[in-house]
file target31.cif (mmCIF, C-alpha atoms)
data_work
loop_
_atom_site.label_atom_id
_atom_site.label_comp_id
_atom_site.auth_asym_id
_atom_site.auth_seq_id
_atom_site.Cartn_x
_atom_site.Cartn_y
_atom_site.Cartn_z
CA MET A 1 8.78 16.26 -78.45
CA LYS A 2 7.74 14.68 -75.19
CA ARG A 3 9.66 11.63 -74.02
CA VAL A 4 7.40 8.85 -72.76
CA GLY A 5 8.34 5.89 -70.57
CA PHE A 6 5.86 3.16 -69.69
CA MET A 7 5.79 -0.32 -68.18
CA LEU A 8 3.83 -3.49 -68.72
CA LYS A 9 4.26 -7.06 -67.49
CA VAL A 10 4.65 -9.88 -70.01
CA ARG A 11 3.95 -13.42 -68.78
CA GLN A 12 7.34 -14.98 -68.18
CA ASP A 13 6.24 -18.33 -69.64
CA LYS A 14 5.32 -16.60 -72.90
CA LEU A 15 8.23 -14.17 -73.11
CA ASP A 16 10.14 -16.02 -75.83
CA GLU A 17 7.10 -16.09 -78.09
CA TYR A 18 6.41 -12.42 -77.35
CA LYS A 19 9.95 -11.54 -78.41
CA GLN A 20 9.59 -13.51 -81.63
CA HIS A 21 6.40 -11.67 -82.59
CA HIS A 22 8.21 -8.37 -82.07
CA GLN A 23 10.85 -9.30 -84.61
CA GLN A 24 8.11 -9.37 -87.22
CA VAL A 25 5.54 -6.78 -86.27
CA TRP A 26 2.98 -6.39 -89.07
CA PRO A 27 4.02 -3.66 -91.53
CA GLU A 28 0.55 -2.05 -91.29
CA MET A 29 1.00 -1.81 -87.51
CA LEU A 30 4.41 -0.16 -87.93
CA GLN A 31 2.93 2.28 -90.42
CA ALA A 32 0.06 3.17 -88.06
CA LEU A 33 2.55 3.83 -85.24
CA ARG A 34 4.60 6.11 -87.51
CA GLU A 35 1.52 8.02 -88.59
CA THR A 36 0.24 8.54 -85.05
CA GLY A 37 3.39 9.97 -83.48
CA TRP A 38 5.32 7.01 -82.07
CA HIS A 39 8.91 8.05 -82.86
CA ASN A 40 12.24 6.50 -81.78
CA TYR A 41 10.13 3.78 -80.16
CA THR A 42 11.98 0.99 -78.34
CA LEU A 43 10.78 -1.89 -76.19
CA PHE A 44 13.07 -3.53 -73.63
CA VAL A 45 12.43 -6.50 -71.35
CA ARG A 46 13.90 -7.83 -68.14
CA ASP A 47 14.31 -11.64 -67.88
CA ASP A 48 11.18 -11.95 -65.71
CA GLY A 49 8.99 -10.29 -68.35
CA LEU A 50 8.91 -6.75 -67.00
CA LEU A 51 8.63 -4.63 -70.14
CA PHE A 52 9.74 -1.04 -70.55
CA GLY A 53 8.76 1.15 -73.49
CA TYR A 54 10.33 4.44 -74.56
CA PHE A 55 9.20 6.73 -77.37
CA GLU A 56 9.11 10.37 -78.40
CA THR A 57 5.87 12.00 -79.47
CA PRO A 58 4.56 15.49 -80.31
CA GLY A 59 1.71 15.21 -77.78
CA THR A 60 1.17 12.89 -74.82
CA LEU A 61 1.00 9.14 -74.22
CA GLU A 62 -2.79 9.48 -73.99
CA ALA A 63 -2.96 11.26 -77.35
CA ALA A 64 -0.67 8.74 -79.06
CA GLN A 65 -2.75 5.88 -77.66
CA ALA A 66 -6.03 7.56 -78.64
CA HIS A 67 -4.83 7.95 -82.23
CA MET A 68 -3.83 4.28 -82.36
CA ALA A 69 -7.15 3.23 -80.81
CA GLU A 70 -8.87 4.58 -83.92
CA ARG A 71 -6.95 2.15 -86.15
CA GLU A 72 -8.47 -1.24 -86.87
CA ILE A 73 -4.99 -2.75 -87.25
CA ASN A 74 -4.27 -1.78 -83.64
CA THR A 75 -7.41 -3.52 -82.39
CA ARG A 76 -6.24 -6.70 -84.12
CA TRP A 77 -2.68 -6.40 -82.80
CA GLN A 78 -3.83 -5.75 -79.23
CA GLU A 79 -6.15 -8.75 -79.31
CA PHE A 80 -3.29 -10.87 -80.69
CA MET A 81 -0.98 -9.68 -77.89
CA ALA A 82 -3.47 -9.81 -74.98
CA PRO A 83 -2.68 -13.44 -73.95
CA TYR A 84 0.99 -12.53 -73.49
CA PHE A 85 0.37 -10.08 -70.64
CA GLU A 86 -0.39 -10.49 -66.98
CA SER A 87 -3.80 -8.93 -66.67
CA PRO A 88 -6.33 -9.15 -63.85
CA ASN A 89 -9.32 -8.80 -66.16
CA ASN A 90 -8.16 -9.71 -69.68
CA ALA A 91 -7.74 -6.06 -70.56
CA ARG A 92 -6.07 -5.21 -73.85
CA PRO A 93 -2.36 -4.49 -73.38
CA ASP A 94 -2.81 -0.91 -74.54
CA GLU A 95 -5.27 -0.35 -71.68
CA MET A 96 -2.73 -1.42 -69.01
CA PHE A 97 0.15 0.97 -69.65
CA VAL A 98 1.70 2.39 -66.49
CA GLU A 99 3.21 5.74 -67.43
CA LEU A 100 6.42 6.69 -65.67
CA THR A 101 7.51 10.15 -64.56
CA GLU A 102 10.51 11.77 -66.24
CA ILE A 103 12.87 13.08 -63.56
CA PHE A 104 16.04 13.80 -65.54
CA HIS A 105 17.09 14.48 -69.10
CA LEU A 106 20.40 15.22 -70.80
CA ASP A 107 20.48 15.79 -74.56
CA MET B 108 24.31 4.19 -81.76
CA LYS B 109 23.20 1.48 -79.39
CA ARG B 110 20.05 2.07 -77.35
CA VAL B 111 20.46 1.12 -73.69
CA GLY B 112 17.71 0.45 -71.16
CA PHE B 113 18.48 -0.24 -67.51
CA MET B 114 16.72 -0.47 -64.16
CA LEU B 115 17.52 0.40 -60.59
CA LYS B 116 15.42 0.61 -57.41
CA VAL B 117 15.26 3.89 -55.51
CA ARG B 118 14.11 3.72 -51.87
CA GLN B 119 10.49 4.83 -51.89
CA ASP B 120 10.92 6.84 -48.69
CA LYS B 121 13.70 8.85 -50.33
CA LEU B 122 12.19 9.22 -53.78
CA ASP B 123 11.17 12.88 -53.43
CA GLU B 124 14.67 13.87 -52.38
CA TYR B 125 16.17 11.81 -55.20
CA LYS B 126 13.96 13.62 -57.72
CA GLN B 127 15.03 17.00 -56.34
CA HIS B 128 18.71 16.19 -56.71
CA HIS B 129 18.08 15.25 -60.33
CA GLN B 130 16.68 18.69 -61.08
CA GLN B 131 20.09 20.08 -60.24
CA VAL B 132 22.69 17.55 -61.25
CA TRP B 133 26.18 19.03 -60.90
CA PRO B 134 27.32 20.66 -64.17
CA GLU B 135 30.64 18.77 -64.03
CA MET B 136 28.69 15.51 -63.83
CA LEU B 137 26.58 16.47 -66.86
CA GLN B 138 29.74 17.38 -68.76
CA ALA B 139 31.38 14.06 -67.91
CA LEU B 140 28.30 12.17 -69.13
CA ARG B 141 28.33 14.11 -72.41
CA GLU B 142 32.03 13.42 -72.92
CA THR B 143 31.72 9.69 -72.25
CA GLY B 144 28.89 8.89 -74.65
CA TRP B 145 25.66 9.25 -72.66
CA HIS B 146 23.36 10.81 -75.28
CA ASN B 147 19.60 11.49 -75.20
CA TYR B 148 19.71 10.23 -71.62
CA THR B 149 16.45 10.16 -69.67
CA LEU B 150 15.55 8.79 -66.24
CA PHE B 151 11.97 7.83 -65.40
CA VAL B 152 10.50 6.56 -62.12
CA ARG B 153 7.40 4.67 -61.08
CA ASP B 154 5.68 5.81 -57.86
CA ASP B 155 7.23 2.95 -55.85
CA GLY B 156 10.77 4.00 -56.78
CA LEU B 157 11.44 1.63 -59.66
CA LEU B 158 13.75 3.63 -61.91
CA PHE B 159 14.20 3.19 -65.63
CA GLY B 160 17.06 4.74 -67.61
CA TYR B 161 17.31 5.15 -71.38
CA PHE B 162 20.26 6.50 -73.35
CA GLU B 163 22.02 6.19 -76.70
CA THR B 164 25.72 5.50 -76.89
CA PRO B 165 28.36 4.68 -79.52
CA GLY B 166 29.54 1.58 -77.61
CA THR B 167 27.90 -0.46 -74.86
CA LEU B 168 26.52 0.17 -71.38
CA GLU B 169 29.69 -1.40 -69.96
CA ALA B 170 31.92 0.92 -72.00
CA ALA B 171 29.91 4.02 -71.06
CA GLN B 172 30.08 3.02 -67.41
CA ALA B 173 33.79 2.25 -67.59
CA HIS B 174 34.51 5.69 -69.05
CA MET B 175 32.51 7.34 -66.27
CA ALA B 176 34.24 5.20 -63.63
CA GLU B 177 37.50 6.93 -64.58
CA ARG B 178 36.06 10.33 -63.61
CA GLU B 179 36.51 11.58 -60.07
CA ILE B 180 33.27 13.58 -60.32
CA ASN B 181 31.41 10.31 -60.91
CA THR B 182 32.88 8.73 -57.80
CA ARG B 183 31.62 11.68 -55.78
CA TRP B 184 28.16 11.62 -57.39
CA GLN B 185 27.76 7.85 -56.90
CA GLU B 186 28.74 8.12 -53.25
CA PHE B 187 26.26 10.99 -52.85
CA MET B 188 23.49 8.90 -54.46
CA ALA B 189 24.24 5.55 -52.79
CA PRO B 190 21.92 6.09 -49.77
CA TYR B 191 18.96 6.60 -52.11
CA PHE B 192 19.04 3.09 -53.53
CA GLU B 193 17.93 -0.28 -52.28
CA SER B 194 21.16 -2.21 -52.11
CA PRO B 195 21.94 -5.50 -50.40
CA ASN B 196 25.56 -4.58 -49.73
CA ASN B 197 25.88 -0.78 -49.96
CA ALA B 198 27.13 -1.04 -53.52
CA ARG B 199 27.44 2.16 -55.51
CA PRO B 200 24.39 2.75 -57.72
CA ASP B 201 26.48 2.46 -60.88
CA GLU B 202 27.45 -1.07 -59.82
CA MET B 203 23.82 -2.21 -59.56
CA PHE B 204 22.49 -1.48 -63.04
CA VAL B 205 20.27 -4.23 -64.46
CA GLU B 206 20.55 -3.99 -68.23
CA LEU B 207 17.41 -4.76 -70.22
CA THR B 208 17.17 -6.51 -73.58
CA GLU B 209 15.97 -4.56 -76.60
CA ILE B 210 13.26 -6.56 -78.36
CA PHE B 211 11.72 -3.98 -80.73
CA HIS B 212 12.63 -0.69 -82.35
CA LEU B 213 10.88 1.68 -84.74
CA ASP B 214 12.66 4.84 -85.88
#

call {"tool": "encode", "arguments": {"input": "target31.cif", "output": "structure tokens"}}
result
Amino acid sequence: MKRVGFMLKVRQDKLDEYKQHHQQVWPEMLQALRETGWHNYTLFVRDDGLLFGYFETPGTLEAAQAHMAEREINTRWQEFMAPYFESPNNARPDEMFVELTEIFHLD
Amino acid sequence: MKRVGFMLKVRQDKLDEYKQHHQQVWPEMLQALRETGWHNYTLFVRDDGLLFGYFETPGTLEAAQAHMAEREINTRWQEFMAPYFESPNNARPDEMFVELTEIFHLD
């Protein structure tokens, strides 16, 4: 399993709403994530909206994203979430991931 | 197990050195972390030095830090690492953790 860390920036004025949506992610979206290798997946936020994601996957971030990109439910979720992110060009959130570099691990 | 996410800021001009030290963390430091509840612990960095830490622990971040603070090896490691961090008042790195809020989890 590869450990993936990534960052995104949620609009601070919409952070409360963003959190609420993540307490009730659509079951079909959760199922698609499970089926495409998003394991032990957690999202964290800082008060200003900086978002950090962590998950474990058999392949790479790119592969996990590519598998999700094939799912219609993901297209709908990403379009639903797009207004919550700071984006220079209205990109979908899943096109703005900044992948981080793992520098240390202890089991 | 609670999932903990935290951030710190490494000095960009010292990031390469910081990475190198983390490829050879002292064995006594690793052992202390294991004994004080730092499980599945990973550090990630962004190119500008923003550091993100993820681990799983039976208690809280505060408890895990308090247990480490009792270890002499931790005092030495934190003093060794202090120059690598952006700090307004030369605080030890383990006194500057910004804890993040978990907003979503999928096993």

call {"tool": "resolve_selection", "arguments": {"input": "target31.cif", "expression": "the PyMOL selection byres ((chain A) within 10 of (chain B))", "output": "ChimeraX atom specification"}}
result
/A:3-7,18-25,30-31,33-34,38-47,50-56,98-107

call {"tool": "write_last_selection", "arguments": {"input": "target31.cif", "atoms": "C-alpha atoms", "output": "mmCIF file, in the frame of the given file"}}
result
data_model
loop_
_atom_site.group_PDB
_atom_site.id
_atom_site.type_symbol
_atom_site.label_atom_id
_atom_site.label_comp_id
_atom_site.auth_asym_id
_atom_site.auth_seq_id
_atom_site.Cartn_x
_atom_site.Cartn_y
_atom_site.Cartn_z
ATOM 1 C CA ARG A 3 9.660 11.630 -74.020
ATOM 2 C CA VAL A 4 7.400 8.850 -72.760
ATOM 3 C CA GLY A 5 8.340 5.890 -70.570
ATOM 4 C CA PHE A 6 5.860 3.160 -69.690
ATOM 5 C CA MET A 7 5.790 -0.320 -68.180
ATOM 6 C CA TYR A 18 6.410 -12.420 -77.350
ATOM 7 C CA LYS A 19 9.950 -11.540 -78.410
ATOM 8 C CA GLN A 20 9.590 -13.510 -81.630
ATOM 9 C CA HIS A 21 6.400 -11.670 -82.590
ATOM 10 C CA HIS A 22 8.210 -8.370 -82.070
ATOM 11 C CA GLN A 23 10.850 -9.300 -84.610
ATOM 12 C CA GLN A 24 8.110 -9.370 -87.220
ATOM 13 C CA VAL A 25 5.540 -6.780 -86.270
ATOM 14 C CA LEU A 30 4.410 -0.160 -87.930
ATOM 15 C CA GLN A 31 2.930 2.280 -90.420
ATOM 16 C CA LEU A 33 2.550 3.830 -85.240
ATOM 17 C CA ARG A 34 4.600 6.110 -87.510
ATOM 18 C CA TRP A 38 5.320 7.010 -82.070
ATOM 19 C CA HIS A 39 8.910 8.050 -82.860
ATOM 20 C CA ASN A 40 12.240 6.500 -81.780
ATOM 21 C CA TYR A 41 10.130 3.780 -80.160
ATOM 22 C CA THR A 42 11.980 0.990 -78.340
ATOM 23 C CA LEU A 43 10.780 -1.890 -76.190
ATOM 24 C CA PHE A 44 13.070 -3.530 -73.630
ATOM 25 C CA VAL A 45 12.430 -6.500 -71.350
ATOM 26 C CA ARG A 46 13.900 -7.830 -68.140
ATOM 27 C CA ASP A 47 14.310 -11.640 -67.880
ATOM 28 C CA LEU A 50 8.910 -6.750 -67.000
ATOM 29 C CA LEU A 51 8.630 -4.630 -70.140
ATOM 30 C CA PHE A 52 9.740 -1.040 -70.550
ATOM 31 C CA GLY A 53 8.760 1.150 -73.490
ATOM 32 C CA TYR A 54 10.330 4.440 -74.560
ATOM 33 C CA PHE A 55 9.200 6.730 -77.370
ATOM 34 C CA GLU A 56 9.110 10.370 -78.400
ATOM 35 C CA VAL A 98 1.700 2.390 -66.490
ATOM 36 C CA GLU A 99 3.210 5.740 -67.430
ATOM 37 C CA LEU A 100 6.420 6.690 -65.670
ATOM 38 C CA THR A 101 7.510 10.150 -64.560
ATOM 39 C CA GLU A 102 10.510 11.770 -66.240
ATOM 40 C CA ILE A 103 12.870 13.080 -63.560
ATOM 41 C CA PHE A 104 16.040 13.800 -65.540
ATOM 42 C CA HIS A 105 17.090 14.480 -69.100
ATOM 43 C CA LEU A 106 20.400 15.220 -70.800
ATOM 44 C CA ASP A 107 20.480 15.790 -74.560
#

call {"tool": "resolve_selection", "arguments": {"input": "target31.cif", "expression": "the PyMOL selection byres ((chain A and resi 59) around 8)", "output": "list of chain:residue names"}}
result
A:Met1, A:Lys2, A:Gly37, A:Thr57, A:Pro58, A:Thr60, A:Leu61, A:Ala63, A:Ala64

call {"tool": "atom_distance", "arguments": {"input": "target31.cif", "atom1": "atom CA of B:Arg118", "atom2": "atom CA of A:Arg11"}}
result
26.1 Å

call {"tool": "residues_around", "arguments": {"input": "target31.cif", "residues": "B:Gly156", "least_positions_apart": "5", "cutoff": "6 Å", "atoms": "only C-alpha atoms", "output": "ChimeraX atom specification"}}
result
/B:116-119

call {"tool": "residues_around", "arguments": {"input": "target31.cif", "residues": "stretch 67-81 of chain A", "least_positions_apart": "3", "cutoff": "6 Å", "atoms": "only C-alpha atoms", "output": "list of chain:residue names"}}
result
A:Thr36, A:Ala64, A:Tyr84, A:Arg92

call {"tool": "write_last_selection", "arguments": {"input": "target31.cif", "atoms": "C-alpha atoms", "output": "mmCIF file, in the frame of the given file"}}
result
data_model
loop_
_atom_site.group_PDB
_atom_site.id
_atom_site.type_symbol
_atom_site.label_atom_id
_atom_site.label_comp_id
_atom_site.auth_asym_id
_atom_site.auth_seq_id
_atom_site.Cartn_x
_atom_site.Cartn_y
_atom_site.Cartn_z
ATOM 1 C CA THR A 36 0.240 8.540 -85.050
ATOM 2 C CA ALA A 64 -0.670 8.740 -79.060
ATOM 3 C CA TYR A 84 0.990 -12.530 -73.490
ATOM 4 C CA ARG A 92 -6.070 -5.210 -73.850
#
